[in-house]
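File shown: my_file.txt. Contents: compact mmCIF, C-alpha atoms.
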```
# COMPACT_ATOMS: atom_id res chain seq x y z
CA MET A 1 108.44 96.26 134.15
CA ASN A 2 106.34 99.37 133.74
CA ASP A 3 108.23 102.51 134.87
CA SER A 4 105.06 104.00 136.30
CA SER A 5 104.74 101.23 138.86
CA TRP A 6 107.93 102.25 140.76
CA ALA A 7 107.12 105.87 140.50
CA SER A 8 103.80 105.36 142.40
CA PRO A 9 103.90 105.95 146.13
CA PRO A 10 104.33 102.80 148.27
CA PRO A 11 101.27 101.51 150.15
CA ALA A 12 100.93 102.24 153.79
CA GLY A 13 102.76 99.84 156.05
CA THR A 14 105.59 99.17 153.61
CA GLN A 15 109.07 100.53 154.02
CA ALA A 16 110.42 102.60 151.18
CA GLY A 17 113.21 100.87 149.32
CA TYR A 18 112.19 97.32 150.51
CA TRP A 19 109.16 96.41 148.47
CA GLY A 20 109.33 94.32 145.33
CA PRO A 21 107.05 92.88 142.59
CA THR A 22 104.92 90.98 145.11
CA ASP A 23 104.01 94.12 146.86
CA GLN A 24 103.46 95.90 143.59
CA GLY A 25 100.99 93.30 142.39
CA ALA A 26 99.05 93.42 145.62
CA TYR A 27 99.06 97.16 145.50
CA GLN A 28 97.71 97.09 141.91
CA GLY A 29 94.83 94.72 142.82
CA GLN A 30 96.21 91.57 141.16
CA GLY A 31 96.47 89.62 144.40
CA PRO A 32 99.42 87.61 145.53
CA VAL A 33 101.60 86.01 142.93
CA GLN A 34 101.53 82.20 142.94
CA GLY A 35 104.63 80.60 144.20
CA ALA A 36 105.80 83.77 145.79
CA ALA A 37 106.36 84.27 149.42
CA PRO A 38 103.48 85.65 151.38
CA ALA A 39 103.20 89.40 151.39
CA GLY A 40 104.85 91.02 154.31
CA PRO A 41 107.76 93.17 155.27
CA ALA A 42 110.74 92.81 153.03
CA TYR A 43 113.01 91.86 155.89
CA ASP A 44 110.87 88.69 156.50
CA ALA A 45 111.57 87.28 153.07
CA PRO A 46 114.32 84.68 152.64
CA GLU A 47 115.99 87.00 150.16
CA ALA A 48 116.13 89.85 152.69
CA GLN A 49 119.85 89.39 152.99
CA GLN A 50 120.25 90.45 149.35
CA THR A 51 118.33 93.65 149.75
CA ARG A 52 119.88 96.98 150.65
CA PRO A 53 118.38 100.43 150.96
CA MET A 54 118.27 102.72 147.99
CA PRO A 55 121.02 105.30 148.36
CA ILE A 56 119.97 108.88 148.97
CA VAL A 57 121.52 111.31 146.58
CA PRO A 58 122.36 114.63 148.18
CA ASP A 59 120.91 117.82 146.75
CA VAL A 60 124.28 119.52 146.46
CA PRO A 61 126.98 117.85 144.31
CA ALA A 62 130.09 116.69 146.03
CA HIS A 63 132.22 119.35 144.40
CA GLY A 64 130.20 122.08 146.12
CA GLY A 65 128.88 123.78 143.00
CA ASN A 66 125.36 124.45 141.84
CA GLN A 67 123.56 121.26 140.92
CA ASP A 68 121.95 122.94 137.96
CA ASP A 69 125.40 123.13 136.45
CA ASP A 70 125.83 119.32 136.57
CA PRO A 71 123.28 117.48 134.37
CA GLY A 72 124.31 114.15 135.88
CA ALA A 73 123.40 115.15 139.43
CA ALA A 74 120.15 113.76 140.85
CA ARG A 75 117.62 115.33 143.17
CA LEU A 76 115.31 113.70 145.66
CA GLY A 77 111.76 113.31 144.49
CA GLY A 78 112.34 111.22 141.39
CA PRO A 79 111.24 113.46 138.52
CA SER A 80 114.77 114.59 137.82
CA PHE A 81 116.36 111.09 138.03
CA ARG A 82 117.96 110.10 134.79
CA ASP A 83 117.25 106.66 133.27
CA GLU A 84 120.90 105.89 132.86
CA ALA A 85 121.42 106.41 136.56
CA TYR A 86 118.58 104.06 137.54
CA ARG A 87 117.82 101.36 134.98
CA PRO A 88 116.25 97.87 135.56
CA MET A 89 118.59 94.94 135.88
CA ALA A 90 118.42 91.83 133.79
CA PRO A 91 116.24 88.97 135.16
CA ASP A 92 119.26 86.89 135.95
CA GLN A 93 120.67 89.69 138.08
CA ALA A 94 117.58 90.16 140.27
CA SER A 95 115.23 87.94 142.24
CA PHE A 96 111.81 88.49 143.69
CA GLY A 97 112.06 90.23 147.01
CA ALA A 98 115.48 91.62 146.07
CA GLU A 99 116.23 95.00 144.67
CA THR A 100 114.86 95.45 141.19
CA PHE A 101 116.93 98.51 140.34
CA ARG A 102 120.59 98.97 140.53
CA HIS A 103 121.97 102.41 141.33
CA GLU A 104 124.72 103.38 138.98
CA THR A 105 125.82 106.90 139.62
CA PRO A 106 127.92 108.13 136.76
CA SER A 107 131.19 109.42 137.96
CA ALA A 108 131.40 113.14 137.52
CA PRO A 109 134.50 114.44 135.86
CA PRO A 110 136.91 115.88 138.36
CA HIS A 111 136.71 119.60 138.68
CA ALA A 112 139.78 121.74 138.76
CA ALA A 113 140.62 123.01 142.19
CA VAL A 114 139.85 126.68 142.63
CA PRO A 115 142.61 128.56 144.41
CA GLN A 116 141.58 130.12 147.68
CA ASN A 117 143.34 133.42 147.01
CA PRO A 118 143.53 133.83 143.26
CA GLU A 119 145.89 136.53 142.11
CA PRO A 120 144.03 139.51 140.63
CA MET A 121 144.30 140.14 136.96
CA PRO A 122 146.80 142.89 136.23
CA ALA A 123 145.03 146.18 135.60
CA ALA A 124 145.29 147.69 132.21
CA PRO A 125 147.88 150.46 132.14
CA GLN A 126 146.26 153.86 132.49
CA PRO A 127 147.59 156.83 130.56
CA ALA A 128 149.61 159.19 132.73
CA PRO A 129 147.69 162.37 133.58
CA ALA A 130 148.84 165.47 131.83
CA PRO A 131 150.96 167.69 134.07
CA GLN A 132 148.96 170.59 135.41
CA LYS A 133 150.33 174.05 135.09
CA LYS A 134 150.69 176.13 138.21
CA SER A 135 147.94 178.66 138.60
CA ALA A 136 148.50 182.13 139.93
CA GLY A 137 145.13 182.03 141.68
CA ARG A 138 144.12 185.48 140.35
CA ASP A 139 143.43 187.23 137.06
CA LEU A 140 146.96 188.31 136.22
CA GLY A 141 145.85 190.54 133.36
CA ALA A 142 143.50 192.53 135.57
CA ALA A 143 146.02 192.59 138.42
CA ILE A 144 148.77 194.00 136.19
CA GLY A 145 146.41 196.57 134.68
CA VAL A 146 145.26 197.80 138.08
CA ALA A 147 148.84 197.93 139.40
CA VAL A 148 149.99 199.99 136.43
CA GLY A 149 147.04 202.36 136.84
CA LEU A 150 147.72 202.89 140.53
CA GLY A 151 151.41 203.44 139.82
CA VAL A 152 150.64 206.16 137.30
CA VAL A 153 148.35 207.97 139.77
CA ILE A 154 150.93 207.75 142.55
CA VAL A 155 153.88 208.92 140.46
CA ALA A 156 151.92 211.72 138.79
CA SER A 157 150.58 213.10 142.06
CA LEU A 158 153.90 212.58 143.82
CA PHE A 159 156.05 214.62 141.43
CA ILE A 160 153.52 217.22 140.31
CA VAL A 161 151.74 218.43 143.46
CA LYS A 162 152.64 216.88 146.82
CA ALA A 163 149.36 218.01 148.37
CA VAL A 164 147.45 215.90 145.82
CA PHE A 165 149.47 212.88 146.86
CA VAL A 166 148.56 213.52 150.50
CA GLY A 167 144.92 213.50 149.39
CA VAL A 168 145.48 210.14 147.64
CA ILE A 169 146.85 208.71 150.91
CA ALA A 170 143.84 210.05 152.85
CA VAL A 171 141.36 208.51 150.37
CA ALA A 172 143.13 205.14 150.54
CA VAL A 173 143.01 205.29 154.35
CA VAL A 174 139.26 206.01 154.44
CA VAL A 175 138.48 203.20 151.97
CA GLY A 176 140.70 200.81 153.93
CA LEU A 177 138.93 201.67 157.18
CA TRP A 178 135.56 201.09 155.53
CA GLU A 179 136.62 197.64 154.31
CA LEU A 180 138.07 196.63 157.67
CA THR A 181 135.11 197.79 159.79
CA SER A 182 132.61 196.25 157.34
CA ARG A 183 134.30 192.85 157.52
CA LEU A 184 134.48 193.03 161.32
CA GLN A 185 130.75 193.69 161.56
CA GLU A 186 129.80 191.06 158.98
CA ARG A 187 131.94 188.24 160.32
CA LYS A 188 132.30 188.99 164.06
CA GLN A 189 129.42 191.41 164.81
CA ILE A 190 132.02 193.97 165.99
CA LYS A 191 130.69 197.50 165.46
CA ALA A 192 133.77 199.70 165.30
CA PRO A 193 132.45 203.26 164.68
CA LEU A 194 133.38 204.21 161.11
CA VAL A 195 132.54 207.94 161.20
CA PRO A 196 135.09 209.03 163.85
CA LEU A 197 137.63 206.62 162.35
CA ALA A 198 137.28 208.04 158.85
CA ILE A 199 137.42 211.68 159.97
CA GLY A 200 140.24 211.08 162.43
CA GLY A 201 142.20 208.94 159.94
CA ALA A 202 142.17 211.58 157.21
CA ALA A 203 143.08 214.27 159.78
CA MET A 204 145.93 212.10 161.01
CA VAL A 205 147.55 211.93 157.56
CA VAL A 206 147.21 215.68 157.00
CA ALA A 207 148.52 216.48 160.49
CA GLY A 208 151.58 214.30 159.93
CA TYR A 209 152.38 216.10 156.68
CA VAL A 210 151.79 219.58 158.13
CA ARG A 211 153.01 219.23 161.72
CA GLY A 212 155.34 216.26 161.55
CA PRO A 213 155.46 213.37 164.03
CA GLU A 214 153.98 215.46 166.85
CA GLY A 215 150.91 216.28 164.78
CA ALA A 216 150.46 212.59 163.90
CA TRP A 217 150.56 211.53 167.57
CA VAL A 218 148.10 214.21 168.63
CA ALA A 219 145.68 213.25 165.84
CA MET A 220 145.97 209.60 166.84
CA ALA A 221 145.06 210.38 170.47
CA LEU A 222 142.10 212.54 169.47
CA THR A 223 140.84 209.84 167.09
CA ALA A 224 140.92 207.22 169.87
CA LEU A 225 139.03 209.57 172.18
CA ALA A 226 136.42 210.22 169.48
CA VAL A 227 135.90 206.46 169.09
CA LEU A 228 135.29 206.09 172.84
CA VAL A 229 132.75 208.90 172.93
CA TRP A 230 130.95 207.96 169.72
CA ARG A 231 130.33 204.43 170.92
CA MET A 232 128.62 205.75 174.08
CA THR A 233 125.55 206.68 172.02
CA GLU A 234 124.67 202.99 171.68
CA PRO A 235 123.74 200.32 174.27
CA PRO A 236 126.59 199.25 176.58
CA GLU A 237 126.56 195.61 175.43
CA GLY A 238 129.81 194.99 173.54
CA TYR A 239 131.21 198.47 174.31
CA LEU A 240 134.70 197.29 175.27
CA ARG A 241 134.89 194.99 172.26
CA ASP A 242 133.83 197.70 169.81
CA VAL A 243 136.08 200.48 171.10
CA THR A 244 139.06 198.12 171.23
CA ALA A 245 138.52 197.23 167.59
CA GLY A 246 138.13 200.93 166.77
CA VAL A 247 141.43 201.93 168.40
CA PHE A 248 143.17 199.02 166.70
CA ALA A 249 141.79 200.12 163.31
CA ALA A 250 142.95 203.72 163.92
CA PHE A 251 146.49 202.57 164.65
CA TYR A 252 146.66 199.85 161.97
CA VAL A 253 145.51 201.91 158.97
CA PRO A 254 145.80 205.73 159.27
CA PHE A 255 148.59 206.00 161.84
CA LEU A 256 150.97 203.69 159.95
CA ALA A 257 150.05 205.43 156.69
CA THR A 258 151.04 208.77 158.24
CA PHE A 259 154.72 207.76 157.98
CA VAL A 260 154.42 208.01 154.19
CA ALA A 261 153.34 211.62 154.61
CA LEU A 262 156.28 212.13 156.99
CA MET A 263 158.72 210.91 154.32
CA LEU A 264 157.19 213.40 151.91
CA THR A 265 158.13 216.38 154.12
CA ALA A 266 161.85 215.97 153.40
CA ALA A 267 163.59 217.93 150.65
CA ASP A 268 163.94 214.75 148.61
CA GLY A 269 160.60 213.50 149.91
CA ALA A 270 159.30 212.40 146.50
CA GLN A 271 162.40 210.25 145.94
CA ARG A 272 162.05 208.71 149.41
CA VAL A 273 158.41 207.82 148.85
CA LEU A 274 159.26 206.41 145.41
CA ALA A 275 162.04 204.28 146.90
CA PHE A 276 159.60 203.09 149.57
CA PHE A 277 157.05 201.98 146.96
CA LEU A 278 159.69 200.41 144.71
CA LEU A 279 161.24 198.38 147.53
CA THR A 280 157.87 197.08 148.77
CA VAL A 281 156.58 196.20 145.31
CA VAL A 282 159.85 194.52 144.31
CA SER A 283 159.88 192.53 147.55
CA ASP A 284 156.36 191.25 146.94
CA THR A 285 157.12 190.51 143.28
CA GLY A 286 160.32 188.64 144.09
CA ALA A 287 158.57 186.57 146.75
CA TYR A 288 155.76 185.71 144.34
CA ALA A 289 157.96 184.90 141.33
CA VAL A 290 160.55 182.79 143.17
CA GLY A 291 157.95 181.08 145.36
CA TRP A 292 155.72 180.24 142.39
CA ARG A 293 158.60 178.77 140.42
CA PHE A 294 160.78 177.13 143.07
CA GLY A 295 158.75 177.17 146.30
CA LYS A 296 158.59 173.80 148.08
CA HIS A 297 158.98 174.52 151.81
CA LYS A 298 156.10 176.34 153.49
CA LEU A 299 156.95 179.45 155.46
CA ALA A 300 153.85 179.69 157.67
CA PRO A 301 151.32 177.06 156.49
CA ARG A 302 148.84 177.76 159.29
CA ILE A 303 148.68 181.46 158.40
CA SER A 304 149.36 181.67 154.67
CA PRO A 305 149.81 178.32 152.87
CA GLY A 306 150.96 180.03 149.67
CA LYS A 307 154.11 181.57 151.14
CA THR A 308 157.35 179.59 151.01
CA ARG A 309 160.86 179.95 152.36
CA GLU A 310 162.16 180.08 148.82
CA GLY A 311 159.80 183.00 148.18
CA LEU A 312 161.18 184.81 151.24
CA LEU A 313 164.72 184.39 149.90
CA GLY A 314 163.53 185.80 146.59
CA ALA A 315 162.01 188.80 148.36
CA VAL A 316 165.24 189.47 150.28
CA SER A 317 167.42 189.14 147.17
CA PHE A 318 165.29 191.37 144.97
CA ALA A 319 164.80 194.02 147.68
CA MET A 320 168.49 194.22 148.57
CA VAL A 321 169.51 194.75 144.94
CA VAL A 322 166.87 197.44 144.38
CA GLY A 323 167.67 199.00 147.77
CA ALA A 324 171.31 199.39 146.84
CA LEU A 325 170.34 201.04 143.55
CA CYS A 326 167.84 203.38 145.20
CA MET A 327 170.20 204.54 147.91
CA GLU A 328 172.93 205.12 145.34
CA PHE A 329 170.90 206.98 142.71
CA LEU A 330 167.68 208.30 144.33
CA ILE A 331 168.44 209.31 147.92
CA ASP A 332 170.68 212.30 148.49
CA GLY A 333 173.75 211.30 150.49
CA GLY A 334 172.90 207.59 150.44
CA HIS A 335 175.34 204.69 149.92
CA TRP A 336 174.80 201.31 148.28
CA TRP A 337 175.62 199.31 151.43
CA GLN A 338 172.89 201.23 153.25
CA GLY A 339 170.56 200.11 150.51
CA LEU A 340 171.40 196.45 151.23
CA LEU A 341 170.35 196.89 154.84
CA LEU A 342 167.29 198.84 153.79
CA GLY A 343 166.26 196.13 151.34
CA LEU A 344 166.70 193.41 153.96
CA ALA A 345 164.55 195.33 156.44
CA VAL A 346 161.85 196.01 153.83
CA ALA A 347 161.64 192.33 152.84
CA ALA A 348 161.19 191.35 156.50
CA SER A 349 158.60 194.03 157.30
CA ALA A 350 156.62 193.48 154.09
CA THR A 351 156.45 189.73 154.74
CA LEU A 352 155.37 190.26 158.35
CA GLY A 353 152.73 192.74 157.24
CA ASP A 354 151.36 190.32 154.69
CA LEU A 355 151.25 187.55 157.28
CA GLY A 356 149.58 189.88 159.78
CA GLU A 357 146.70 190.68 157.46
CA SER A 358 146.47 187.00 156.48
CA MET A 359 146.00 186.22 160.17
CA ILE A 360 143.19 188.76 160.38
CA LYS A 361 141.47 187.35 157.28
CA ARG A 362 141.76 183.79 158.58
CA ASP A 363 140.22 184.85 161.86
CA LEU A 364 137.37 186.46 159.91
CA GLY A 365 137.09 183.49 157.54
CA ILE A 366 137.50 185.50 154.32
CA LYS A 367 139.89 185.44 151.37
CA ASP A 368 139.98 189.16 150.54
CA MET A 369 139.05 192.31 152.42
CA GLY A 370 137.09 193.63 149.45
CA THR A 371 136.49 193.49 145.71
CA LEU A 372 137.26 197.07 144.72
CA LEU A 373 140.46 196.26 142.80
CA PRO A 374 140.06 193.47 140.16
CA GLY A 375 142.81 190.88 140.48
CA HIS A 376 143.91 192.26 143.87
CA GLY A 377 140.86 192.19 146.13
CA GLY A 378 140.34 195.31 148.19
CA ILE A 379 142.42 198.34 149.11
CA MET A 380 143.49 196.65 152.35
CA ASP A 381 144.81 193.69 150.34
CA ARG A 382 147.30 196.13 148.73
CA LEU A 383 148.09 198.07 151.89
CA ASP A 384 148.91 194.97 153.94
CA SER A 385 152.65 195.04 153.19
CA LEU A 386 152.90 198.84 152.68
CA LEU A 387 151.53 199.89 156.07
CA PRO A 388 154.06 198.16 158.38
CA THR A 389 156.91 198.94 155.97
CA ALA A 390 156.32 202.72 156.02
CA PRO A 391 157.65 203.36 159.57
CA VAL A 392 160.63 201.04 158.93
CA VAL A 393 161.71 202.92 155.79
CA TRP A 394 161.12 206.33 157.41
CA LEU A 395 163.21 205.44 160.44
CA LEU A 396 166.14 203.94 158.49
CA LEU A 397 166.25 206.89 156.08
CA VAL A 398 166.34 209.30 159.02
CA LEU A 399 169.20 207.31 160.55
CA PHE A 400 171.12 207.04 157.27
CA VAL A 401 170.70 210.50 155.72
CA GLY A 402 168.68 212.52 158.25
CA SER A 403 165.17 213.91 158.17
CA GLY A 404 166.10 216.86 155.93
```
What do you get writing this file as structure tokens?
Amino acid sequence: MNDSSWASPPPAGTQAGYWGPTDQGAYQGQGPVQGAAPAGPAYDAPEAQQTRPMPIVPDVPAHGGNQDDDPGAARLGGPSFRDEAYRPMAPDQASFGAETFRHETPSAPPHAAVPQNPEPMPAAPQPAPAPQKKSAGRDLGAAIGVAVGLGVVIVASLFIVKAVFVGVIAVAVVVGLWELTSRLQERKQIKAPLVPLAIGGAAMVVAGYVRGPEGAWVAMALTALAVLVWRMTEPPEGYLRDVTAGVFAAFYVPFLATFVALMLTAADGAQRVLAFFLLTVVSDTGAYAVGWRFGKHKLAPRISPGKTREGLLGAVSFAMVVGALCMEFLIDGGHWWQGLLLGLAVAASATLGDLGESMIKRDLGIKDMGTLLPGHGGIMDRLDSLLPTAPVVWLLLVLFVGSG
């Protein structure tokens, strides 16, 4: 039988899958075959009981995969049917009016079941990252160089001419006030008047050295009054805010610094000031060294994340040892046990002063008050622990050995 005859579309009125050679001959114009049953629907023929519909092969293979992956799968439409799947039967296996083709679907090889949750392949071992060294966060070389330079200026002026050292304190106060008021105006639009603060601050330090505590208090009061009057030359909007910031700046920087000048008025004033600087610097250094090496527990993470409890213990230990040595060898009439108490007090006040300025900088949203000192920041970043420690050291020295 010609393969093209079954591939042609069936004539109208015939049912697909039920027409045989008789219908094919009539469809091809050859007329009815002699001896054959009259043309008609396949179910009218005597052999209709032997006929059955051609099976429909689904588009998607039974295993659920892509049919392009299975060459034995068949598609509807005929062009992709394979001959081995649909081949003509022998004459003795077919009769007119019965099916001419026998469907033999080759059995597909069973596919391996795919697990629903396959275990992921183990990842290749990654090399362990190299341990990172702790960073100091600043240029240590520049910081050490600046610290040594400042120390030389302080010691030289302190032991050569005391009046020169008073001038060094006054200059540091004016620069600190400039940094503080500049940051307040930049970050908070607070206009604390710098001119009366600078003049009054320098006068406050000199008055404390010349006239003692009474002179310092009088200069502080006059500076506050000058701030109130100076601010009246500008519009009233923000007046209370600006003068409040001005009075705070006058107390925070020059008034606390005046206690250094008060220590200098004693007979052993140079030794007292030197002990004050040594204790504060050693406290800061001990806190930094111990905290950097062993610090694990945060002291005040919301204020200063870098400070640790271990660092505080280092500050107390270092300051108490140096305090005992200073009171024994530098201060006239001092005793080593007094130095232990002095060192403990200095470590506490220096830490609180550092935290206090850190609170101010966090409120302003800045890291440093200035950039004047490489590796340190600004002058205020060095005065933060010195300023609140000055009145503590002055008071304890007066209690221990007198004001003389």
Checklist entry - Out of A:Asp354, A:Asp332, A:Asp381, A:Glu234, which residue has the shortest atom-to-atom distance to A:Ile366 when counting only C-alpha atoms? => result A:Asp381
Checklist entry - What lies within 7 Å of A:Thr280 using all atoms listed in the file, ignoring chain neighbours under 5 positions off, as a PyMOL selection string? => result chain A and resi 346+350+386
Can you write just those residues out, C-alpha atoms, as an mmCIF file, in the frame of the given file?
```cif
data_model
loop_
_atom_site.group_PDB
_atom_site.id
_atom_site.type_symbol
_atom_site.label_atom_id
_atom_site.label_comp_id
_atom_site.auth_asym_id
_atom_site.auth_seq_id
_atom_site.Cartn_x
_atom_site.Cartn_y
_atom_site.Cartn_z
ATOM 1 C CA VAL A 346 161.850 196.010 153.830
ATOM 2 C CA ALA A 350 156.620 193.480 154.090
ATOM 3 C CA LEU A 386 152.900 198.840 152.680
#
```
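In terms of minimum interatomic distance to A:Ile169, A:Val253 ranks closest within A:Gly145, A:Ser349, A:Met327, A:Val253, counting only C-alpha atoms.
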Checklist entry - atom CA of A:Glu186 to atom CA of A:Ala202: how many Å, to one decimal? => result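 Rounded to one decimal, the two atoms are 24.0 Å apart.
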Item to check | Exercise: A:Leu184 partners within 12 Å, all atoms listed in the file, chain neighbours under 2 positions left out, as a list in words | outcome: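 These residues fall inside the cut-off: Leu177, Trp178, Glu179, Leu180, Thr181, Ser182, Glu186, Arg187, Lys188, Gln189, Ile190, Lys191, Ala192, Pro193, Leu194, Arg241, Asp242, Ala245, Gly246, Phe248, Ala249, Ile360, Lys361, Asp363, Leu364, Gly365, Ile366 and Met369 of chain A.
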Next on the checklist: From the options A:Thr389, A:Thr265, A:Gln185, A:Ser317, which residue's atoms come nearest to A:Leu158, counting all atoms listed in the file?
Outcome noted: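 Among the listed residues, A:Thr265 lies closest to A:Leu158.
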Next on the checklist: Which residue is closest to A:Lys307? Choose from A:Thr244, A:Ser403, A:Thr371, A:Ser358 and count only C-alpha atoms.
Outcome noted: A:Ser358
Next on the checklist: Env of A:Gly167: 12 Å cut, atoms = all atoms listed in the file, seq-sep filter 2 positions within chain, self excluded. Answer as a ChimeraX atom specification.
Outcome noted: /A:153-154,157-158,161-165,169-174,201-206,209,258,260-261
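Remark: for A:Ser385, the closest of the candidate residues A:Thr233, A:Gln271, A:Thr308, A:Ser283 is A:Ser283 (distances computed over all atoms listed in the file).
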Next on the checklist: Report, in Å to a single decimal, how far apart atom CA of A:Pro213 and atom CA of A:Pro388 are.
Outcome noted: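 Interatomic distance, atom CA of A:Pro388 to atom CA of A:Pro213: 16.3 Å.
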